[in-house]
$ cat start35.cif   # mmCIF, C-alpha atoms and all ligand atoms
data_entry
#
loop_
_atom_site.label_atom_id
_atom_site.label_comp_id
_atom_site.auth_asym_id
_atom_site.auth_seq_id
_atom_site.Cartn_x
_atom_site.Cartn_y
_atom_site.Cartn_z
CA MET A 1321 267.25 92.83 210.56
CA GLU A 1322 267.14 92.42 214.31
CA GLN A 1323 265.10 95.60 214.36
CA VAL A 1324 262.23 94.02 212.48
CA LYS A 1325 261.88 91.13 214.94
CA ARG A 1326 261.17 93.36 217.91
CA ARG A 1327 257.72 94.90 218.10
CA ASP A 1328 257.22 98.33 216.64
CA VAL A 1329 256.45 100.39 219.73
CA ARG A 1330 254.26 102.75 217.76
CA LYS A 1331 251.83 99.93 216.98
CA LEU A 1332 250.79 100.01 220.66
CA SER A 1333 248.01 102.22 221.97
CA LEU A 1334 248.63 104.19 225.14
CA GLU A 1335 246.59 101.61 227.06
CA GLU A 1336 248.67 98.74 225.69
CA LEU A 1337 251.86 100.54 226.59
CA GLU A 1338 250.53 101.15 230.12
CA LEU A 1339 249.78 97.47 230.45
CA PHE A 1340 253.30 96.65 229.30
CA PHE A 1341 254.85 98.87 231.98
CA LEU A 1342 252.60 97.43 234.69
CA GLU A 1343 253.53 93.88 233.66
CA LYS A 1344 257.19 94.84 233.96
CA GLY A 1345 256.58 96.14 237.48
CA GLU A 1346 257.05 99.75 236.42
CA LYS A 1347 254.86 102.77 237.04
CA LYS A 1348 251.96 103.23 234.66
CA PHE A 1349 252.76 106.90 234.01
CA ARG A 1350 256.00 105.90 232.26
CA ALA A 1351 253.82 104.86 229.35
CA ARG A 1352 252.50 108.37 228.91
CA GLN A 1353 256.03 109.76 229.02
CA VAL A 1354 257.17 107.37 226.30
CA TYR A 1355 254.05 108.04 224.28
CA ASP A 1356 254.74 111.76 224.50
CA TRP A 1357 258.31 111.29 223.27
CA LEU A 1358 257.09 109.20 220.36
CA TRP A 1359 254.08 111.12 219.10
CA ASN A 1360 254.50 114.67 220.37
CA LYS A 1361 258.26 115.15 220.43
CA THR A 1362 258.69 112.72 217.50
CA LEU A 1363 261.86 111.13 218.81
CA LYS A 1364 263.53 108.47 216.70
CA ASN A 1365 265.29 106.51 219.42
CA PHE A 1366 264.90 105.46 223.02
CA ASP A 1367 268.31 106.81 224.07
CA ASP A 1368 267.08 110.40 223.80
CA MET A 1369 264.17 109.89 226.20
CA SER A 1370 265.83 111.90 228.93
CA ASN A 1371 263.23 111.50 231.68
CA ILE A 1372 263.34 107.70 231.43
CA SER A 1373 266.00 105.88 233.44
CA LEU A 1374 268.84 104.15 231.64
CA ALA A 1375 267.69 100.72 232.84
CA THR A 1376 264.15 101.31 231.55
CA ARG A 1377 265.45 102.58 228.23
CA GLU A 1378 267.54 99.41 227.87
CA MET A 1379 264.49 97.31 228.69
CA LEU A 1380 262.45 99.17 226.08
CA LYS A 1381 265.19 98.67 223.50
CA ALA A 1382 265.19 94.94 224.18
CA HIS A 1383 261.46 94.67 223.47
CA PHE A 1384 260.73 97.32 220.92
CA SER A 1385 261.98 99.09 217.86
CA ILE A 1386 261.01 102.49 216.50
CA ASN A 1387 260.60 101.81 212.80
CA HIS A 1388 261.14 105.38 211.77
CA ILE A 1389 261.19 106.15 208.06
CA GLN A 1390 264.39 107.46 206.52
CA VAL A 1391 264.53 110.14 203.88
CA ASP A 1392 266.66 108.20 201.42
CA GLN A 1393 266.89 110.88 198.77
CA MET A 1394 265.77 114.48 198.60
CA HIS A 1395 265.29 116.38 195.37
CA ARG A 1396 264.67 120.11 195.10
CA SER A 1397 262.80 121.65 192.21
CA GLN A 1398 263.61 125.02 190.66
CA ASP A 1399 260.26 126.22 192.02
CA GLY A 1400 261.19 125.28 195.60
CA THR A 1401 259.20 122.05 195.73
CA ILE A 1402 260.98 119.24 197.57
CA LYS A 1403 260.45 115.55 196.87
CA ASN A 1404 261.48 112.97 199.44
CA ALA A 1405 262.05 109.37 198.53
CA VAL A 1406 261.34 107.73 201.83
CA LYS A 1407 262.66 104.33 202.86
CA LEU A 1408 260.42 102.17 205.07
CA TYR A 1409 261.66 99.65 207.62
CA ASP A 1410 261.32 96.81 205.10
CA GLY A 1411 263.29 98.66 202.42
CA LYS A 1412 260.28 99.68 200.35
CA ILE A 1413 260.17 103.22 199.05
CA VAL A 1414 257.39 105.81 198.84
CA GLU A 1415 257.51 109.45 197.91
CA SER A 1416 256.22 112.58 199.60
CA VAL A 1417 256.35 116.19 198.50
CA LEU A 1418 256.72 119.59 200.18
CA ILE A 1419 254.93 122.29 198.20
CA PRO A 1420 255.73 125.89 199.17
CA THR A 1421 253.51 128.82 198.19
CA PRO A 1422 253.64 132.37 199.56
CA LYS A 1423 250.92 131.59 202.08
CA ARG A 1424 251.25 127.88 202.74
CA ILE A 1425 253.58 124.98 203.07
CA THR A 1426 251.78 121.81 202.12
CA ALA A 1427 252.88 118.23 202.68
CA CYS A 1428 251.63 115.78 200.07
CA VAL A 1429 251.89 112.29 201.57
CA SER A 1430 251.53 108.71 200.36
CA SER A 1431 249.14 106.17 201.88
CA GLN A 1432 250.21 102.97 200.08
CA VAL A 1433 253.33 101.56 198.45
CA GLY A 1434 252.22 101.67 194.83
CA CYS A 1435 248.53 101.68 193.95
CA SER A 1436 245.93 99.08 193.00
CA LEU A 1437 243.85 101.41 190.84
CA ASP A 1438 244.54 101.58 187.17
CA CYS A 1439 243.89 105.24 186.35
CA ASN A 1440 245.60 105.12 183.03
CA PHE A 1441 247.02 108.65 183.05
CA CYS A 1442 248.86 108.18 186.38
CA ALA A 1443 252.45 107.03 186.81
CA THR A 1444 251.83 105.56 190.27
CA ALA A 1445 249.36 103.11 188.73
CA ARG A 1446 252.23 101.48 186.86
CA LEU A 1447 253.77 100.39 190.17
CA LYS A 1448 250.88 98.18 191.33
CA ARG A 1449 250.03 98.02 194.99
CA MET A 1450 252.63 96.40 197.24
CA ARG A 1451 251.31 97.17 200.70
CA ASN A 1452 249.45 99.60 202.89
CA LEU A 1453 251.43 102.10 204.91
CA HIS A 1454 251.19 101.88 208.69
CA PRO A 1455 249.90 104.88 210.63
CA ASP A 1456 253.39 105.74 211.89
CA GLU A 1457 254.80 105.65 208.36
CA ILE A 1458 252.23 108.20 207.24
CA PHE A 1459 252.85 110.27 210.37
CA ASP A 1460 256.62 110.20 209.78
CA GLN A 1461 256.26 111.59 206.25
CA VAL A 1462 254.50 114.59 207.76
CA VAL A 1463 257.17 114.98 210.43
CA ALA A 1464 259.97 114.86 207.81
CA ILE A 1465 258.27 117.61 205.79
CA ARG A 1466 257.50 119.66 208.90
CA ASP A 1467 261.22 119.61 209.71
CA GLU A 1468 262.22 120.47 206.13
CA ALA A 1469 259.76 123.39 206.14
CA MET A 1470 261.61 124.89 209.10
CA GLU A 1471 265.05 124.01 207.81
CA TYR A 1472 264.69 125.26 204.24
CA PHE A 1473 261.93 127.89 204.49
CA ASP A 1474 261.96 128.85 208.16
CA ARG A 1475 258.18 128.52 208.10
CA PRO A 1476 255.86 125.98 209.70
CA LEU A 1477 253.99 123.30 207.83
CA THR A 1478 250.43 124.54 207.31
CA ASN A 1479 248.56 121.92 205.27
CA ILE A 1480 248.53 118.22 204.49
CA VAL A 1481 247.06 116.55 201.44
CA PHE A 1482 246.69 112.79 200.97
CA MET A 1483 247.53 113.07 197.30
CA GLY A 1484 250.74 111.08 197.10
CA MET A 1485 251.00 107.42 196.14
CA GLY A 1486 248.09 105.12 196.76
CA GLU A 1487 244.38 105.32 197.46
CA PRO A 1488 243.84 106.50 201.05
CA LEU A 1489 240.33 105.08 201.29
CA LEU A 1490 241.66 101.59 200.53
CA ASN A 1491 243.87 101.92 203.62
CA TYR A 1492 241.11 103.42 205.71
CA ALA A 1493 241.94 102.39 209.28
CA ASN A 1494 245.62 103.30 209.07
CA VAL A 1495 244.97 106.64 207.39
CA ILE A 1496 242.39 107.57 210.03
CA GLN A 1497 244.78 106.55 212.81
CA ALA A 1498 247.56 108.62 211.28
CA ILE A 1499 245.25 111.65 211.00
CA ASP A 1500 244.25 111.16 214.64
CA LYS A 1501 247.88 111.34 215.67
CA ILE A 1502 248.56 114.32 213.39
CA THR A 1503 245.60 116.30 214.74
CA SER A 1504 245.57 115.28 218.39
CA PRO A 1505 247.10 117.72 220.89
CA GLU A 1506 249.11 114.75 222.15
CA GLY A 1507 250.52 114.38 218.64
CA LEU A 1508 251.29 117.20 216.22
CA GLY A 1509 248.18 119.23 217.05
CA LEU A 1510 247.46 120.29 213.46
CA SER A 1511 243.87 121.32 212.74
CA PRO A 1512 241.86 118.79 210.68
CA LYS A 1513 240.59 121.75 208.66
CA ARG A 1514 244.06 121.90 207.15
CA ILE A 1515 243.99 118.30 205.97
CA THR A 1516 242.52 117.10 202.68
CA LEU A 1517 242.07 113.48 201.74
CA SER A 1518 241.81 112.83 198.01
CA THR A 1519 240.06 109.77 196.68
CA VAL A 1520 239.48 108.23 193.31
CA GLY A 1521 235.84 107.93 194.46
CA VAL A 1522 235.33 104.71 196.41
CA CYS A 1523 231.64 105.24 197.26
CA LYS A 1524 231.42 102.73 200.11
CA MET A 1525 234.33 104.33 201.89
CA ILE A 1526 233.13 107.90 201.33
CA ARG A 1527 229.96 106.73 203.08
CA LYS A 1528 232.09 105.48 205.96
CA LEU A 1529 233.92 108.82 206.20
CA ALA A 1530 230.54 110.53 206.43
CA GLU A 1531 229.25 108.08 209.04
CA ASP A 1532 232.41 108.66 211.06
CA GLU A 1533 231.75 112.41 210.72
CA VAL A 1534 235.38 113.16 210.03
CA LYS A 1535 236.53 116.75 210.42
CA PHE A 1536 238.99 116.92 207.55
CA ASN A 1537 238.28 117.87 203.94
CA LEU A 1538 237.45 115.62 201.04
CA ALA A 1539 238.60 115.88 197.43
CA VAL A 1540 237.43 113.59 194.65
CA SER A 1541 239.43 112.94 191.49
CA LEU A 1542 236.57 113.36 189.05
CA HIS A 1543 238.13 114.14 185.65
CA SER A 1544 234.79 113.53 183.93
CA ALA A 1545 231.15 113.62 184.99
CA ILE A 1546 230.20 111.41 182.05
CA ASN A 1547 230.39 107.68 182.80
CA GLU A 1548 231.67 106.56 179.42
CA THR A 1549 234.63 108.94 179.53
CA ARG A 1550 235.32 108.45 183.23
CA SER A 1551 235.37 104.65 182.89
CA ARG A 1552 237.86 104.95 180.09
CA LEU A 1553 240.14 107.09 182.24
CA MET A 1554 239.54 105.38 185.57
CA PRO A 1555 238.35 101.75 185.62
CA ILE A 1556 237.05 102.25 189.20
CA ASN A 1557 234.15 104.09 187.57
CA ASP A 1558 232.77 100.77 186.26
CA THR A 1559 231.78 99.81 189.79
CA ASN A 1560 231.49 103.33 191.25
CA PRO A 1561 229.66 105.30 188.54
CA VAL A 1562 228.94 109.00 188.59
CA GLU A 1563 225.34 108.56 189.87
CA ASP A 1564 226.52 106.54 192.87
CA LEU A 1565 229.16 109.14 193.55
CA ALA A 1566 226.51 111.87 193.51
CA GLU A 1567 224.36 109.90 195.96
CA VAL A 1568 227.12 109.26 198.43
CA LEU A 1569 228.33 112.86 198.22
CA LYS A 1570 224.83 114.03 199.20
CA PHE A 1571 225.15 111.81 202.25
CA TRP A 1572 228.63 113.22 202.95
CA TYR A 1573 227.28 116.77 202.87
CA GLN A 1574 224.28 115.91 204.98
CA LYS A 1575 226.53 114.43 207.67
CA THR A 1576 229.49 116.82 207.61
CA GLN A 1577 228.18 120.06 206.04
CA LYS A 1578 231.50 120.17 204.23
CA LYS A 1579 232.04 121.24 200.66
CA VAL A 1580 233.92 118.84 198.41
CA THR A 1581 236.67 119.67 195.94
CA TYR A 1582 236.75 118.02 192.53
CA GLU A 1583 240.11 117.49 190.91
CA TYR A 1584 239.86 117.71 187.21
CA VAL A 1585 242.35 117.41 184.36
CA ILE A 1586 241.25 118.53 180.91
CA TRP A 1587 242.77 116.41 178.14
CA LYS A 1588 242.87 117.19 174.47
CA GLY A 1589 240.21 115.30 172.53
CA ILE A 1590 239.01 113.41 175.61
CA ASN A 1591 237.02 115.76 177.82
CA ASP A 1592 237.80 119.22 176.39
CA ASP A 1593 234.43 119.86 174.75
CA ILE A 1594 231.37 121.76 175.89
CA ARG A 1595 229.37 118.60 176.61
CA HIS A 1596 231.89 117.57 179.26
CA ALA A 1597 232.10 121.11 180.66
CA LYS A 1598 228.32 121.22 181.06
CA ALA A 1599 228.21 117.77 182.66
CA LEU A 1600 230.82 118.92 185.16
CA SER A 1601 228.94 122.09 186.03
CA LYS A 1602 225.76 120.05 186.53
CA PHE A 1603 227.60 117.59 188.78
CA CYS A 1604 228.94 120.51 190.81
CA LYS A 1605 225.36 121.42 191.75
CA VAL A 1606 224.79 118.13 193.56
CA ILE A 1607 226.33 119.52 196.75
CA PRO A 1608 228.34 122.68 197.50
CA SER A 1609 231.68 122.19 195.83
CA LYS A 1610 234.58 123.74 193.98
CA VAL A 1611 236.77 122.57 191.15
CA ASN A 1612 240.55 122.45 190.96
CA ILE A 1613 241.56 122.26 187.35
CA ILE A 1614 244.92 120.51 187.40
CA GLN A 1615 247.41 120.76 184.62
CA TYR A 1616 248.23 117.38 183.07
CA ASN A 1617 251.75 116.19 183.83
CA PRO A 1618 252.85 113.98 180.97
CA ILE A 1619 254.06 110.61 182.20
CA ASP A 1620 255.08 109.09 178.90
CA GLU A 1621 254.74 109.63 175.20
CA GLY A 1622 251.20 108.83 175.12
CA GLU A 1623 247.65 109.16 174.23
CA TYR A 1624 247.16 111.91 176.83
CA GLN A 1625 247.88 115.55 176.23
CA GLN A 1626 247.00 118.69 178.10
CA ALA A 1627 244.04 120.50 176.49
CA ASP A 1628 244.57 123.78 174.64
CA PRO A 1629 244.25 127.01 176.67
CA GLU A 1630 241.08 127.97 174.74
CA ASN A 1631 239.35 124.80 175.87
CA VAL A 1632 240.40 125.34 179.47
CA GLN A 1633 239.02 128.88 179.19
CA MET A 1634 235.78 127.50 177.74
CA TYR A 1635 235.44 125.29 180.84
CA ILE A 1636 236.05 128.25 183.13
CA ASN A 1637 233.41 130.30 181.31
CA VAL A 1638 230.83 127.52 181.53
CA LEU A 1639 231.54 126.96 185.22
CA GLU A 1640 231.48 130.68 185.97
CA GLN A 1641 228.17 131.14 184.20
CA GLU A 1642 226.73 128.42 186.39
CA GLY A 1643 228.17 129.97 189.54
CA VAL A 1644 230.65 127.16 190.15
CA VAL A 1645 233.96 128.14 191.75
CA ALA A 1646 236.90 126.86 189.72
CA LYS A 1647 240.63 127.46 190.06
CA VAL A 1648 243.36 126.52 187.67
CA ARG A 1649 246.22 124.96 189.62
CA LYS A 1650 249.73 125.42 188.38
CA SER A 1651 251.79 122.28 188.31
CA ARG A 1652 254.59 122.19 190.88
CA GLY A 1653 257.83 120.25 190.91
CA GLN A 1654 257.47 118.90 187.38
CA ASP A 1655 261.24 119.04 186.77
CA ILE A 1656 261.86 116.52 189.56
CA ASP A 1657 258.83 114.31 188.79
CA ALA A 1658 257.10 115.50 191.95
CA ALA A 1659 253.89 116.78 190.35
CA CYS A 1660 250.44 115.12 190.51
CA GLY A 1661 250.51 111.65 189.06
CA GLN A 1662 254.28 111.58 188.61
CA LEU A 1663 255.23 109.77 191.80
CA ALA A 1664 256.65 106.49 190.64
CA ASN A 1665 259.97 105.99 192.40
CA LYS A 1666 261.54 106.87 189.08
CA HIS A 1667 265.01 107.45 190.52
CA LEU A 1668 265.09 103.74 191.40
CA GLN A 1669 264.59 102.73 187.80
CA GLU A 1670 267.29 104.94 186.34
N1 LIG B 1 244.27 107.90 194.83
C1 LIG B 1 243.89 109.24 195.26
C2 LIG B 1 245.08 110.04 195.74
C3 LIG B 1 246.05 110.44 194.66
S1 LIG B 1 245.84 112.13 194.38
C4 LIG B 1 243.15 109.93 194.14
O1 LIG B 1 243.15 109.42 193.03
O2 LIG B 1 242.54 110.97 194.39
C5 LIG B 1 246.70 112.41 192.91
C6 LIG B 1 245.90 113.32 191.99
O3 LIG B 1 246.65 113.53 190.79
C7 LIG B 1 244.59 112.69 191.58
O4 LIG B 1 243.62 113.68 191.43
C8 LIG B 1 244.95 112.13 190.20
O5 LIG B 1 243.82 111.91 189.41
C9 LIG B 1 245.86 113.19 189.67
N2 LIG B 1 246.75 112.73 188.62
C10 LIG B 1 247.20 111.48 188.39
N3 LIG B 1 248.02 111.46 187.33
C11 LIG B 1 248.13 112.72 186.90
C12 LIG B 1 248.88 113.36 185.86
N4 LIG B 1 249.68 112.64 185.09
N5 LIG B 1 248.75 114.68 185.71
C13 LIG B 1 247.96 115.42 186.53
N6 LIG B 1 247.24 114.88 187.52
C14 LIG B 1 247.32 113.55 187.71
#
$ encode --input "start35.cif" --output "C-alpha cells"
Amino acid sequence: MEQVKRRDVRKLSLEELELFFLEKGEKKFRARQVYDWLWNKTLKNFDDMSNISLATREMLKAHFSINHIQVDQMHRSQDGTIKNAVKLYDGKIVESVLIPTPKRITACVSSQVGCSLDCNFCATARLKRMRNLHPDEIFDQVVAIRDEAMEYFDRPLTNIVFMGMGEPLLNYANVIQAIDKITSPEGLGLSPKRITLSTVGVCKMIRKLAEDEVKFNLAVSLHSAINETRSRLMPINDTNPVEDLAEVLKFWYQKTQKKVTYEYVIWKGINDDIRHAKALSKFCKVIPSKVNIIQYNPIDEGEYQQADPENVQMYINVLEQEGVVAKVRKSRGQDIDAACGQLANKHLQE
C-alpha cells in the first residue's frame, strides 16, 4: 500500500522530472536518463537504472513509485492467441490480447476498466465503467504483449488496436498520451500507421481527433447504417445517429485524408437482409472506407445469433457490386473468451 502513497513517476512529464532533479540539487540531465529508462527501456524498478548513482536511486525510491501493471493470468488459445488478465496498481483487472497471424502480431489493448456504453451484444458492457486507464497502464499492456511476442513467437509486435475493454474516445487525453509514448522515438518508436483506434462512434470526439490531425487509423463499430436498428443494438446511437456520424466522418477525411474501417457484425433476423446491406453500402460511399465483417461471438444464450452464411454472402455481393472493399474476419481466441466483445474478466467470476 505504501507504493500507492508515493507519486507515480510516470505521471510526470520530462520537464516536471527535470524540475524535480533541479530542486533536489541534482543535474538536469538525470531526468532524461530516468525518462529513457522508463519509456524507452521500459524498466520496472529504479534499482536497475545502472547509470544512476545508488544515492539518487534511493532518493527516487523515497519519492516515487513505478506503478507497473502485472500480468496476473495468461491464457493461450488453440489458435495461438494469448489473453492477459492484467492487474493494475489498485487491484483492478483489465484484459489485453495478443493476436498472431502469419504476417502480423497485433496487440489488442483496453482503455478503461469496464465500459459505460450499453451495446447489448457485448460482454464488456455488463461490467459497467469503473475507471479510465492511465497512459502508463495502456503503454504497459503494449509492452507486455511486445515481450510475449518475442518470447512465444520470436517475432516483433507489429500492430496495436484499441479494441479491448472500454471506449477509447471517452478516455481521450490518456489514450492520446499513451499513443504519443508508444509512437515517439523516445518511447517504443512504433509507427502510428500501425495503430487503430476503434470507437462506438462518439461524434464530438471523432471531430476532436480530426482537429488534432492524428496520424493513427480510425475504426467505427457501425453494425447498422439504419438508425432504428443501430439504436436497438447500441444506445449511443440515440444521441449520435448515423447522419451525424456521416457528417463528422467527412470532416475526419477532410482533415486527415485517412480511410475509415467499419466493424460490422451480421446477426440473424436483425440486420441480415438486403435493406441493411444496401444501407451499409450507401454509408460506405460517404468517405473512402472498408468494412470488416466480424463474426459474432456469443456471450450468453441470447437473442443474438450469427447470421447464416448465405446472408453474409449476400452482403459481400451487394458491397462488391457497389465497389466497397469488405473482408470477413475470422474470430480469434474464442475458446479462451479473448475474441471481440468477450472481454469481461470472466475468470474472476468463476
Ligand atoms: N468501444 C470501442 C472499442 C471496443 S472494440 C468500440 O466499440 O469500437 C470491440 C469490437 O468488438 C467493437 O467493434 C464491438 O462492436 C465488437 N463486439 C462487441 N461484442 C461483440 C461480440 N459479442 N461479437 C463480435 N463482436 C463484438
$ residues_near_ligand --input "start35.cif" --ligand "ligand LIG 1 (chain B)" --cutoff "8 Å" --atoms "all atoms listed in the file" --output "ChimeraX atom specification"
/A:1435,1437,1439,1441-1444,1482-1488,1517-1521,1539-1543,1583-1585,1614-1619,1659-1662
$ residues_around --input "start35.cif" --residues "A:Glu1346" --least-positions-apart "6" --cutoff "12 Å" --atoms "only C-alpha atoms" --output "list of chain:residue names"
A:Leu1337, A:Glu1338, A:Leu1339, A:Phe1340, A:Ile1372, A:Ser1373, A:Ala1375, A:Thr1376, A:Met1379, A:Leu1380
$ closest_residue --input "start35.cif" --among "A:Ile1607, A:Val1562, A:Ala1530, A:Val1433" --to "A:Gly1411" --atoms "all atoms listed in the file"
A:Val1433
$ residues_around --input "start35.cif" --residues "A:Lys1605" --least-positions-apart "3" --cutoff "10 Å" --atoms "all atoms listed in the file" --output "ChimeraX atom specification"
/A:1566,1600-1602,1608-1610,1642-1644
$ atom_distance --input "start35.cif" --atom1 "atom CA of A:Glu1335" --atom2 "atom CA of A:Arg1352"
9.2 Å
$ axis_aligned_box --input "start35.cif" --around "stretch 1325-1337 of chain A" --padding-each-side "8 Å" --output "JSON"
{"center_x": 254.2, "center_y": 97.7, "center_z": 221.0, "size_x": 31.3, "size_y": 29.1, "size_z": 28.1}
$ closest_atom_pairs --input "start35.cif" --of "stretch 1547-1621 of chain A" --to "stretch 1445-1452 of chain A" --cutoff "12 Å" --atoms "all atoms listed in the file" --output "JSON lines"
{"residue": "A:Leu1553", "atom": "CA", "partner": "A:Ala1445", "partner_atom": "CA", "distance": 12.0}
{"residue": "A:Met1554", "atom": "CA", "partner": "A:Ala1445", "partner_atom": "CA", "distance": 10.6}
{"residue": "A:Pro1555", "atom": "CA", "partner": "A:Ala1445", "partner_atom": "CA", "distance": 11.5}
{"residue": "A:Ile1619", "atom": "CA", "partner": "A:Arg1446", "partner_atom": "CA", "distance": 10.4}
{"residue": "A:Asp1620", "atom": "CA", "partner": "A:Arg1446", "partner_atom": "CA", "distance": 11.4}
$ atom_distance --input "start35.cif" --atom1 "atom CA of A:Asp1532" --atom2 "atom CA of A:Leu1334"
21.9 Å
$ residues_around --input "start35.cif" --residues "A:Thr1576" --least-positions-apart "2" --cutoff "7 Å" --atoms "only C-alpha atoms" --output "short mmCIF file (atom, residue, chain, number, x, y, z; two decimals) with C-alpha atoms, in the frame of the given file"
data_model
loop_
_atom_site.label_atom_id
_atom_site.label_comp_id
_atom_site.auth_asym_id
_atom_site.auth_seq_id
_atom_site.Cartn_x
_atom_site.Cartn_y
_atom_site.Cartn_z
CA ALA A 1530 230.54 110.53 206.43
CA GLU A 1533 231.75 112.41 210.72
CA TRP A 1572 228.63 113.22 202.95
CA TYR A 1573 227.28 116.77 202.87
CA GLN A 1574 224.28 115.91 204.98
CA LYS A 1578 231.50 120.17 204.23
#
$ residues_around --input "start35.cif" --residues "A:Ile1480" --least-positions-apart "2" --cutoff "6 Å" --atoms "all atoms listed in the file" --output "list of chain:residue names"
A:Thr1426, A:Ala1427, A:Cys1428, A:Ile1515
$ write_last_selection --input "start35.cif" --atoms "C-alpha atoms" --output "CSV table (one decimal), in the frame of the given file"
chain,number,residue,atom,x,y,z
A,1426,THR,CA,251.8,121.8,202.1
A,1427,ALA,CA,252.9,118.2,202.7
A,1428,CYS,CA,251.6,115.8,200.1
A,1515,ILE,CA,244.0,118.3,206.0
$ residues_around --input "start35.cif" --residues "stretch 1633-1637 of chain A" --least-positions-apart "4" --cutoff "9 Å" --atoms "all atoms listed in the file" --output "list in words"
Ile1586, Asp1592, Asp1593, Ile1594, His1596, Ala1597, Lys1598, Leu1600, Ser1601, Asp1628, Pro1629, Gln1641, Glu1642, Val1644, Val1645, Ala1646, Lys1647 and Val1648 of chain A
$ residues_near_point --input "start35.cif" --point "(259.6, 101.7, 222.1)" --cutoff "12 Å" --atoms "all atoms listed in the file" --output "CSV table (one decimal) with C-alpha atoms, keeping the file's coordinate frame"
chain,number,residue,atom,x,y,z
A,1323,GLN,CA,265.1,95.6,214.4
A,1326,ARG,CA,261.2,93.4,217.9
A,1327,ARG,CA,257.7,94.9,218.1
A,1328,ASP,CA,257.2,98.3,216.6
A,1329,VAL,CA,256.4,100.4,219.7
A,1330,ARG,CA,254.3,102.8,217.8
A,1331,LYS,CA,251.8,99.9,217.0
A,1332,LEU,CA,250.8,100.0,220.7
A,1333,SER,CA,248.0,102.2,222.0
A,1334,LEU,CA,248.6,104.2,225.1
A,1336,GLU,CA,248.7,98.7,225.7
A,1337,LEU,CA,251.9,100.5,226.6
A,1340,PHE,CA,253.3,96.6,229.3
A,1341,PHE,CA,254.8,98.9,232.0
A,1350,ARG,CA,256.0,105.9,232.3
A,1351,ALA,CA,253.8,104.9,229.4
A,1352,ARG,CA,252.5,108.4,228.9
A,1353,GLN,CA,256.0,109.8,229.0
A,1354,VAL,CA,257.2,107.4,226.3
A,1355,TYR,CA,254.0,108.0,224.3
A,1356,ASP,CA,254.7,111.8,224.5
A,1357,TRP,CA,258.3,111.3,223.3
A,1358,LEU,CA,257.1,109.2,220.4
A,1359,TRP,CA,254.1,111.1,219.1
A,1362,THR,CA,258.7,112.7,217.5
A,1363,LEU,CA,261.9,111.1,218.8
A,1364,LYS,CA,263.5,108.5,216.7
A,1365,ASN,CA,265.3,106.5,219.4
A,1366,PHE,CA,264.9,105.5,223.0
A,1367,ASP,CA,268.3,106.8,224.1
A,1368,ASP,CA,267.1,110.4,223.8
A,1369,MET,CA,264.2,109.9,226.2
A,1372,ILE,CA,263.3,107.7,231.4
A,1376,THR,CA,264.2,101.3,231.6
A,1377,ARG,CA,265.4,102.6,228.2
A,1378,GLU,CA,267.5,99.4,227.9
A,1379,MET,CA,264.5,97.3,228.7
A,1380,LEU,CA,262.4,99.2,226.1
A,1381,LYS,CA,265.2,98.7,223.5
A,1382,ALA,CA,265.2,94.9,224.2
A,1383,HIS,CA,261.5,94.7,223.5
A,1384,PHE,CA,260.7,97.3,220.9
A,1385,SER,CA,262.0,99.1,217.9
A,1386,ILE,CA,261.0,102.5,216.5
A,1387,ASN,CA,260.6,101.8,212.8
A,1388,HIS,CA,261.1,105.4,211.8
$ closest_residue --input "start35.cif" --among "A:Asn1631, A:Asn1591, A:Asn1665, A:Ser1544" --to "A:Val1611" --atoms "all atoms listed in the file"
A:Ser1544
$ closest_residue --input "start35.cif" --among "A:Thr1421, A:Ser1431, A:Gln1390, A:Thr1559" --to "A:Thr1478" --atoms "all atoms listed in the file"
A:Thr1421
$ closest_residue --input "start35.cif" --among "A:Glu1531, A:Asp1655, A:Val1462, A:Asn1440" --to "A:Arg1550" --atoms "only C-alpha atoms"
A:Asn1440
$ closest_residue --input "start35.cif" --among "A:Arg1649, A:Arg1514, A:Arg1595, A:Lys1535" --to "A:Gln1577" --atoms "only C-alpha atoms"
A:Lys1535
$ atom_distance --input "start35.cif" --atom1 "atom CA of A:Leu1490" --atom2 "atom CA of A:Ala1469"
28.9 Å
